[in-house]
>>> print(open('coords_9.cif').read())   # mmCIF, C-alpha atoms
data_data
loop_
_atom_site.label_atom_id
_atom_site.label_comp_id
_atom_site.auth_asym_id
_atom_site.auth_seq_id
_atom_site.Cartn_x
_atom_site.Cartn_y
_atom_site.Cartn_z
CA MET R 33 27.22 6.21 57.90
CA ALA R 34 27.00 5.98 61.67
CA GLN R 35 25.71 2.46 61.27
CA ASN R 36 28.77 1.50 59.20
CA ALA R 37 31.00 3.03 61.85
CA ASP R 38 29.19 0.96 64.49
CA ALA R 39 29.66 -2.20 62.45
CA GLU R 40 33.36 -1.45 61.96
CA ALA R 41 33.83 -0.83 65.68
CA LEU R 42 32.05 -4.09 66.47
CA PHE R 43 34.20 -5.92 63.93
CA ALA R 44 37.39 -4.57 65.48
CA ALA R 45 36.21 -5.46 68.99
CA HIS R 46 34.95 -8.98 68.33
CA GLN R 47 36.60 -10.43 65.25
CA THR R 48 39.26 -12.38 67.16
CA GLY R 49 36.79 -14.02 69.53
CA LEU R 50 34.36 -14.75 66.71
CA LEU R 51 37.03 -16.25 64.51
CA ARG R 52 38.28 -18.44 67.34
CA TYR R 53 34.76 -19.56 68.22
CA LEU R 54 33.80 -20.28 64.60
CA ARG R 55 37.12 -22.03 63.94
CA ARG R 56 36.26 -24.55 66.62
CA ALA R 57 32.53 -24.62 65.91
CA VAL R 58 32.91 -25.53 62.22
CA GLY R 59 36.36 -27.15 62.47
CA HIS R 60 37.68 -25.36 59.39
CA ALA R 61 39.80 -22.19 59.33
CA GLU R 62 38.77 -20.90 55.91
CA THR R 63 35.07 -21.46 56.56
CA ALA R 64 35.44 -19.71 59.92
CA ARG R 65 36.92 -16.66 58.18
CA ASP R 66 34.06 -16.61 55.67
CA LEU R 67 31.46 -16.96 58.40
CA THR R 68 33.09 -14.17 60.42
CA GLN R 69 32.69 -11.91 57.39
CA ASP R 70 29.06 -13.05 57.06
CA VAL R 71 28.41 -12.12 60.70
CA PHE R 72 29.51 -8.57 60.06
CA VAL R 73 27.62 -8.33 56.80
CA ARG R 74 24.50 -9.19 58.79
CA VAL R 75 25.43 -6.73 61.51
CA ALA R 76 25.95 -3.97 58.94
CA ARG R 77 22.61 -4.73 57.28
CA SER R 78 20.68 -4.98 60.52
CA GLY R 79 18.29 -2.21 61.44
CA GLY R 80 19.77 -1.53 64.88
CA VAL R 81 22.44 -2.62 67.29
CA PRO R 82 21.68 -3.49 70.95
CA ALA R 83 22.42 -0.71 73.38
CA THR R 84 24.84 -2.27 75.88
CA ASP R 85 28.17 -4.05 75.32
CA ASP R 86 26.91 -7.25 76.92
CA GLU R 87 23.81 -7.31 74.74
CA ARG R 88 25.87 -6.59 71.64
CA ARG R 89 28.29 -9.44 72.35
CA ALA R 90 25.45 -11.88 72.98
CA TRP R 91 23.69 -10.68 69.83
CA ILE R 92 26.78 -11.00 67.61
CA PHE R 93 27.62 -14.45 68.92
CA ARG R 94 24.01 -15.55 68.49
CA ILE R 95 24.30 -14.57 64.80
CA ALA R 96 27.61 -16.44 64.58
CA ARG R 97 26.16 -19.53 66.24
CA ASN R 98 23.17 -19.55 63.88
CA LEU R 99 25.46 -19.20 60.87
CA ALA R 100 27.62 -22.08 62.11
CA ILE R 101 24.56 -24.28 62.66
CA ASP R 102 23.20 -23.40 59.19
CA HIS R 103 26.56 -24.13 57.63
CA GLN R 104 26.81 -27.51 59.30
CA ARG R 105 23.28 -28.43 58.25
CA ARG R 106 23.94 -27.39 54.66
CA HIS R 107 27.29 -29.03 54.25
CA GLU R 108 27.05 -31.82 56.80
CA VAL R 109 30.51 -30.80 57.91
CA LYS R 110 32.27 -33.11 60.25
CA LEU R 111 34.36 -31.46 62.92
CA THR R 112 37.00 -34.13 62.82
CA GLU R 113 39.40 -35.14 60.16
CA SER R 114 39.12 -38.62 58.79
CA ALA R 115 40.84 -41.46 60.58
CA ASP R 116 43.13 -41.89 57.58
CA ALA R 117 44.25 -38.27 57.80
CA ARG R 118 44.94 -38.70 61.49
CA ARG R 119 47.21 -41.65 60.79
CA ASP R 120 49.39 -39.62 58.43
CA VAL R 121 53.04 -40.41 59.00
CA GLY R 122 55.28 -37.51 60.00
CA ARG R 123 52.40 -35.27 60.94
CA PRO R 124 53.48 -32.51 63.37
CA ALA R 125 52.44 -32.94 67.01
CA ALA R 126 50.59 -29.60 66.96
CA GLN R 127 48.28 -30.93 64.26
CA ASP R 128 47.69 -34.12 66.22
CA THR R 129 46.70 -32.04 69.23
CA ALA R 130 44.42 -29.84 67.14
CA ALA R 131 42.78 -32.91 65.64
CA ALA R 132 42.36 -34.49 69.08
CA VAL R 133 40.72 -31.31 70.39
CA ASN R 134 38.38 -31.14 67.39
CA GLU R 135 37.52 -34.80 67.80
CA ALA R 136 36.78 -34.43 71.52
CA LEU R 137 34.63 -31.36 70.81
CA ALA R 138 32.75 -33.23 68.11
CA ALA R 139 31.89 -35.96 70.60
CA LEU R 140 30.11 -33.49 72.91
CA ASP R 141 26.38 -32.84 72.87
CA ALA R 142 25.84 -30.04 70.31
CA LEU R 143 24.46 -27.52 72.78
CA ASP R 144 27.08 -28.37 75.42
CA ARG R 145 29.74 -27.79 72.77
CA ASP R 146 28.28 -24.43 71.73
CA VAL R 147 27.98 -23.24 75.30
CA PHE R 148 31.50 -24.40 76.12
CA LEU R 149 32.98 -22.78 72.99
CA LEU R 150 31.16 -19.52 73.54
CA ARG R 151 32.84 -19.41 76.95
CA GLU R 152 36.30 -20.74 76.12
CA ALA R 153 36.83 -19.60 72.56
CA GLY R 154 34.46 -16.64 72.38
CA GLY R 155 35.12 -15.37 75.89
CA LEU R 156 31.47 -14.69 76.73
CA SER R 157 30.18 -14.50 80.29
CA TYR R 158 27.59 -16.99 81.54
CA ALA R 159 24.88 -14.32 81.22
CA GLU R 160 25.92 -13.50 77.64
CA ILE R 161 25.91 -17.18 76.72
CA ALA R 162 22.48 -17.57 78.30
CA ALA R 163 21.21 -14.69 76.15
CA ALA R 164 22.87 -16.03 72.99
CA CYS R 165 21.50 -19.57 73.44
CA ASP R 166 18.14 -18.89 75.12
CA LEU R 167 19.17 -20.68 78.31
CA THR R 168 19.24 -19.78 82.00
CA VAL R 169 22.55 -18.93 83.63
CA SER R 170 22.22 -22.02 85.78
CA ALA R 171 21.78 -24.21 82.67
CA VAL R 172 24.85 -22.57 81.11
CA ARG R 173 26.89 -23.33 84.23
CA SER R 174 25.87 -26.96 84.30
CA ARG R 175 26.48 -27.46 80.56
CA ILE R 176 29.95 -25.92 80.82
CA HIS R 177 30.61 -28.15 83.80
CA ARG R 178 29.57 -31.27 81.89
CA ALA R 179 31.55 -30.31 78.79
CA ARG R 180 34.71 -29.59 80.78
CA LEU R 181 34.62 -32.88 82.64
CA GLU R 182 34.07 -34.81 79.44
CA LEU R 183 36.84 -32.96 77.61
CA ARG R 184 39.21 -33.33 80.54
CA ASP R 185 38.61 -37.04 80.38
CA ARG R 186 39.04 -37.32 76.61
CA LEU R 187 42.07 -35.03 76.40
CA ARG R 188 44.14 -36.33 79.30
CA THR R 189 47.27 -36.77 77.20
CA PRO R 190 47.24 -33.36 75.42
CA ILE R 191 46.38 -31.66 78.74
CA ALA R 192 49.31 -33.38 80.47
CA ALA R 193 51.59 -32.39 77.57
CA ALA R 194 50.38 -28.77 77.71
CA LEU R 195 51.02 -28.64 81.45
CA GLN R 196 54.48 -30.09 80.95
CA ARG R 197 55.25 -27.47 78.29
CA LYS R 198 54.04 -24.69 80.58
CA THR R 199 56.09 -25.88 83.54
CA GLY R 200 59.08 -26.41 81.26
CA ASP R 201 58.98 -22.79 79.99
CA MET F 279 29.98 -24.02 96.16
CA ASP F 280 31.91 -27.23 95.63
CA THR F 281 35.50 -27.37 94.46
CA TYR F 282 34.63 -27.60 90.78
CA ASP F 283 32.08 -24.77 90.88
CA VAL F 284 34.33 -22.32 92.67
CA ILE F 285 37.34 -23.05 90.46
CA SER F 286 35.19 -22.76 87.35
CA ALA F 287 33.77 -19.46 88.58
CA PHE F 288 37.30 -18.26 89.32
CA ILE F 289 38.70 -19.02 85.86
CA ASP F 290 35.52 -17.81 84.13
CA ASP F 291 35.58 -14.47 85.95
CA GLU F 292 32.19 -15.19 87.52
CA PRO F 293 31.28 -14.28 91.13
CA PHE F 294 32.58 -16.60 93.89
CA ASP F 295 33.31 -16.58 97.61
CA PRO F 296 37.07 -16.15 98.20
CA ALA F 297 36.87 -18.41 101.28
CA ASP F 298 35.48 -21.20 99.05
CA LEU F 299 38.33 -20.68 96.60
CA ALA F 300 40.91 -20.77 99.39
CA ALA F 301 39.42 -24.03 100.65
CA ALA F 302 39.37 -25.50 97.14
CA LEU F 303 42.99 -24.57 96.47
CA ALA F 304 44.11 -25.94 99.83
CA ASP F 305 43.27 -29.35 98.43
CA PRO F 306 45.85 -30.87 95.99
CA GLY F 307 42.95 -32.18 93.88
CA GLY F 308 41.59 -28.65 93.60
CA ARG F 309 44.96 -27.30 92.50
CA GLN F 310 45.29 -30.06 89.92
CA LEU F 311 41.79 -29.32 88.62
CA LEU F 312 42.67 -25.63 88.26
CA LEU F 313 45.80 -26.49 86.27
CA GLU F 314 43.92 -28.90 84.03
CA LEU F 315 41.10 -26.48 83.28
CA VAL F 316 43.58 -23.76 82.40
CA ALA F 317 45.46 -26.21 80.16
CA LEU F 318 42.18 -27.24 78.52
CA ARG F 319 41.45 -23.59 77.80
CA THR F 320 44.90 -23.19 76.27
CA LEU F 321 44.29 -26.17 74.01
CA VAL F 322 40.90 -24.89 72.86
CA ARG F 323 42.13 -21.34 72.25
CA ASP F 324 45.35 -22.33 70.54
CA GLU F 325 45.20 -22.16 66.79
CA PRO F 326 47.05 -25.02 65.17
CA ILE F 327 50.49 -23.98 63.95
CA ALA F 328 49.84 -25.45 60.53
CA ALA F 329 46.40 -25.73 59.03
CA PRO F 330 44.90 -29.23 59.02
CA LEU F 331 45.61 -31.14 55.84
CA ARG F 332 42.13 -30.68 54.45
CA ASP F 333 42.38 -26.92 55.05
CA ARG F 334 45.25 -26.49 52.70
CA ALA F 335 44.57 -25.04 49.30
CA PRO F 336 45.56 -27.33 46.44
CA VAL F 337 48.97 -26.39 45.12
CA SER F 338 49.02 -25.86 41.38
CA ARG F 339 51.96 -27.18 39.44
CA PRO F 340 52.65 -24.04 37.34
CA LYS F 341 53.11 -22.06 40.53
CA TRP F 342 55.80 -24.48 41.68
CA ILE F 343 57.45 -24.39 38.31
CA ALA F 344 57.55 -20.59 38.43
CA ILE F 345 58.98 -20.67 41.96
CA GLY F 346 61.60 -23.24 40.88
CA PHE F 347 62.56 -21.13 37.87
CA LEU F 348 62.85 -18.03 40.01
CA ALA F 349 64.99 -19.86 42.57
CA ALA F 350 67.24 -21.24 39.82
CA SER F 351 67.63 -17.76 38.33
CA VAL F 352 68.60 -16.28 41.66
CA LEU F 353 71.07 -19.12 42.28
CA PHE F 354 72.58 -18.72 38.82
CA GLY F 355 72.93 -14.96 39.28
CA ALA F 356 74.56 -15.37 42.67
CA SER F 357 76.95 -18.03 41.34
CA ALA F 358 77.89 -15.87 38.41
CA ALA F 359 78.53 -12.89 40.63
CA TRP F 360 80.76 -15.01 42.84
CA LEU F 361 82.67 -16.95 40.16
CA LEU F 362 83.12 -14.49 37.31
CA PRO F 363 85.36 -11.81 38.89
CA PRO F 364 88.19 -14.28 39.78
CA LEU F 365 87.95 -15.84 36.31
CA LEU F 366 88.21 -12.46 34.69
CA ARG F 367 91.19 -11.61 36.88
CA GLN F 368 92.84 -14.90 35.88
CA GLN F 369 92.39 -14.12 32.20
CA SER F 370 93.95 -10.70 32.57
CA ALA F 371 96.96 -12.26 34.41
CA ASP F 372 97.65 -14.57 31.41
CA ALA F 373 97.66 -11.70 28.94
CA PRO F 374 101.10 -10.12 28.07
CA PRO F 375 101.91 -6.87 29.78
CA LYS F 376 101.70 -3.67 27.90
CA PRO F 377 105.12 -2.57 26.55
CA ALA F 378 106.91 0.21 28.37
CA HIS F 379 109.08 1.11 25.37
CA VAL F 380 108.58 0.46 21.71
CA VAL F 381 111.78 -0.20 19.70
CA THR F 382 111.48 -0.06 15.94
CA PHE F 383 114.16 -1.35 13.55
CA ASP F 384 114.82 0.55 10.42
CA THR F 385 115.38 -2.07 7.69
CA SER F 386 115.89 0.46 4.86
CA VAL F 387 119.73 0.84 5.36
CA ALA F 388 121.69 1.43 2.09
CA SER F 389 123.96 -1.47 0.98
CA SER F 390 126.90 0.93 0.39
CA ASP F 391 126.92 1.73 4.08
CA ALA F 392 127.50 -1.87 5.02
CA PRO F 393 131.02 -2.82 6.17
CA ARG F 394 133.11 -4.58 3.61
#
>>> encode(input="coords_9.cif", output="structure tokens")
Amino acid sequence: MAQNADAEALFAAHQTGLLRYLRRAVGHAETARDLTQDVFVRVARSGGVPATDDERRAWIFRIARNLAIDHQRRHEVKLTESADARRDVGRPAAQDTAAAVNEALAALDALDRDVFLLREAGGLSYAEIAAACDLTVSAVRSRIHRARLELRDRLRTPIAAALQRKTGD
Amino acid sequence: MDTYDVISAFIDDEPFDPADLAAALADPGGRQLLLELVALRTLVRDEPIAAPLRDRAPVSRPKWIAIGFLAASVLFGASAAWLLPPLLRQQSADAPPKPAHVVTFDTSVASSDAPR
């Protein structure tokens, strides 16, 4: 019973970050929702939960990352939509931006992408990411650095548009 | 720490030297980098307003037919509610008024009573 209560508390605390991370990691909203549920099924079935908050977050996101990797291996999911879909006439700008972000993420090295998404979408600290991915903090820092520079380069137009929107608010 | 490292540490809530951050933000390039990294975060965290095309569930035709039928029913009901009362009032205006007095003629008068 206490274990179920733990799992529910963890679900409430982390579902938003997990969903956001998985949404970008697998590039598909419905799959991300399913995988988020799978994470918590595994948490509920697990024998024990790590003691500290930091360890718990790293542990949960490690499960999520493994599920995302398994899913991609099984289904050979591409993160980007097809070029034909991207050329759809009358497609809203928000979808173009989302597709551009997914495409830029897909072009990153897989581990760089995971590390970057765990930070930006999942909200993990460098130490938590290091624990989730079996890396050193220094390696996490340098991978995030590399990913950001590459994404900044690939997403110049959406970034400029986002800045314009923010300054126009 | 160089400009990138200190700005990254700042936005990632990691430890940094405030003097390094002040120096980085004194440079226009540093300020621009900060803005761009924050905008990049916004883009990555933003959920698309509408799901990508391939995310959408296939729409079944019977569902649309049912929705169309429902919409037509609602429209018909609303139209009827709006149009019928004036029509009914019109009909009642065309009908003759109810009589205030009723006059009856007695046709059974005896012929001997008639004037000669």
>>> closest_residue(input="coords_9.cif", among="R:Ala132, R:Ala153, R:Val81, R:Ala179", to="Leu51 (chain R)", atoms="all atoms listed in the file")
R:Ala153
>>> closest_atom_pairs(input="coords_9.cif", of="chain R", to="chain F", cutoff="7 Å", atoms="all atoms listed in the file", output="JSON lines")
{"residue": "R:Arg52", "atom": "CA", "partner": "F:Arg323", "partner_atom": "CA", "distance": 6.9}
{"residue": "R:His60", "atom": "CA", "partner": "F:Asp333", "partner_atom": "CA", "distance": 6.6}
{"residue": "R:Ala61", "atom": "CA", "partner": "F:Asp333", "partner_atom": "CA", "distance": 6.9}
{"residue": "R:Ala126", "atom": "CA", "partner": "F:Pro326", "partner_atom": "CA", "distance": 6.1}
{"residue": "R:Gln127", "atom": "CA", "partner": "F:Pro326", "partner_atom": "CA", "distance": 6.1}
{"residue": "R:Ala130", "atom": "CA", "partner": "F:Pro326", "partner_atom": "CA", "distance": 5.8}
{"residue": "R:Val133", "atom": "CA", "partner": "F:Val322", "partner_atom": "CA", "distance": 6.9}
{"residue": "R:Glu152", "atom": "CA", "partner": "F:Arg319", "partner_atom": "CA", "distance": 6.1}
{"residue": "R:Ala153", "atom": "CA", "partner": "F:Arg323", "partner_atom": "CA", "distance": 5.6}
{"residue": "R:Ile191", "atom": "CA", "partner": "F:Ala317", "partner_atom": "CA", "distance": 5.7}
{"residue": "R:Ala194", "atom": "CA", "partner": "F:Ala317", "partner_atom": "CA", "distance": 6.1}
{"residue": "R:Leu195", "atom": "CA", "partner": "F:Ala317", "partner_atom": "CA", "distance": 6.2}
>>> residues_around(input="coords_9.cif", residues="Tyr158 (chain R)", least_positions_apart="2", cutoff="7 Å", atoms="all atoms listed in the file", output="PyMOL selection string")
chain R and resi 156+160-162+169+172-173
>>> closest_residue(input="coords_9.cif", among="R:Pro190, R:Arg180, R:Ala159, R:Cys165", to="Asp86 (chain R)", atoms="only C-alpha atoms")
R:Ala159
>>> axis_aligned_box(input="coords_9.cif", around="region 319-322 of chain F", padding_each_side="6 Å", output="lines of an AutoDock Vina configuration file")
center_x = 42.9
center_y = -24.7
center_z = 75.3
size_x = 16.0
size_y = 15.0
size_z = 16.9
>>> atom_distance(input="coords_9.cif", atom1="CA of Tyr53 (chain R)", atom2="CA of Leu150 (chain R)")
6.4 Å
>>> closest_residue(input="coords_9.cif", among="R:Arg94, R:His103, R:Arg197, R:Arg145", to="Ala164 (chain R)", atoms="all atoms listed in the file")
R:Arg94
>>> atom_distance(input="coords_9.cif", atom1="CA of Ala44 (chain R)", atom2="CA of Asn134 (chain R)")
26.7 Å
>>> atom_distance(input="coords_9.cif", atom1="CA of Asp66 (chain R)", atom2="CA of Asp146 (chain R)")
18.8 Å
>>> resolve_selection(input="coords_9.cif", expression="the PyMOL selection byres ((chain F and resi 284) around 8)", output="PyMOL selection string")
chain F and resi 279-283+285-288+294-295+298-299+302
>>> resolve_selection(input="coords_9.cif", expression="the PyMOL selection byres ((chain R and resi 75) around 12)", output="number ranges by chain")
R: 35-43, 46, 68-74, 76-82, 88-89, 91-96
>>> build_atoms(input="coords_9.cif", residues="region 142-153 of chain R", atoms="N, CA and C atoms", output="short mmCIF file (atom, residue, chain, number, x, y, z; two decimals), in the frame of the given file")
data_model
loop_
_atom_site.label_atom_id
_atom_site.label_comp_id
_atom_site.auth_asym_id
_atom_site.auth_seq_id
_atom_site.Cartn_x
_atom_site.Cartn_y
_atom_site.Cartn_z
N ALA R 142 25.69 -31.25 71.12
CA ALA R 142 25.84 -30.04 70.31
C ALA R 142 25.67 -28.75 71.14
N LEU R 143 24.67 -28.74 72.00
CA LEU R 143 24.46 -27.52 72.78
C LEU R 143 25.54 -27.34 73.85
N ASP R 144 25.96 -28.45 74.46
CA ASP R 144 27.08 -28.37 75.42
C ASP R 144 28.31 -27.79 74.74
N ARG R 145 28.57 -28.27 73.51
CA ARG R 145 29.74 -27.79 72.77
C ARG R 145 29.63 -26.29 72.50
N ASP R 146 28.46 -25.86 72.03
CA ASP R 146 28.28 -24.43 71.73
C ASP R 146 28.49 -23.57 72.97
N VAL R 147 27.88 -24.00 74.06
CA VAL R 147 27.98 -23.24 75.30
C VAL R 147 29.44 -23.19 75.75
N PHE R 148 30.09 -24.32 75.72
CA PHE R 148 31.50 -24.40 76.12
C PHE R 148 32.37 -23.51 75.22
N LEU R 149 32.15 -23.57 73.91
CA LEU R 149 32.98 -22.78 72.99
C LEU R 149 32.71 -21.29 73.10
N LEU R 150 31.46 -20.95 73.36
CA LEU R 150 31.16 -19.52 73.54
C LEU R 150 31.92 -18.98 74.75
N ARG R 151 32.09 -19.82 75.76
CA ARG R 151 32.84 -19.41 76.95
C ARG R 151 34.35 -19.43 76.67
N GLU R 152 34.85 -20.56 76.21
CA GLU R 152 36.30 -20.74 76.12
C GLU R 152 36.93 -20.08 74.90
N ALA R 153 36.26 -20.19 73.78
CA ALA R 153 36.83 -19.60 72.56
C ALA R 153 36.31 -18.17 72.34
#
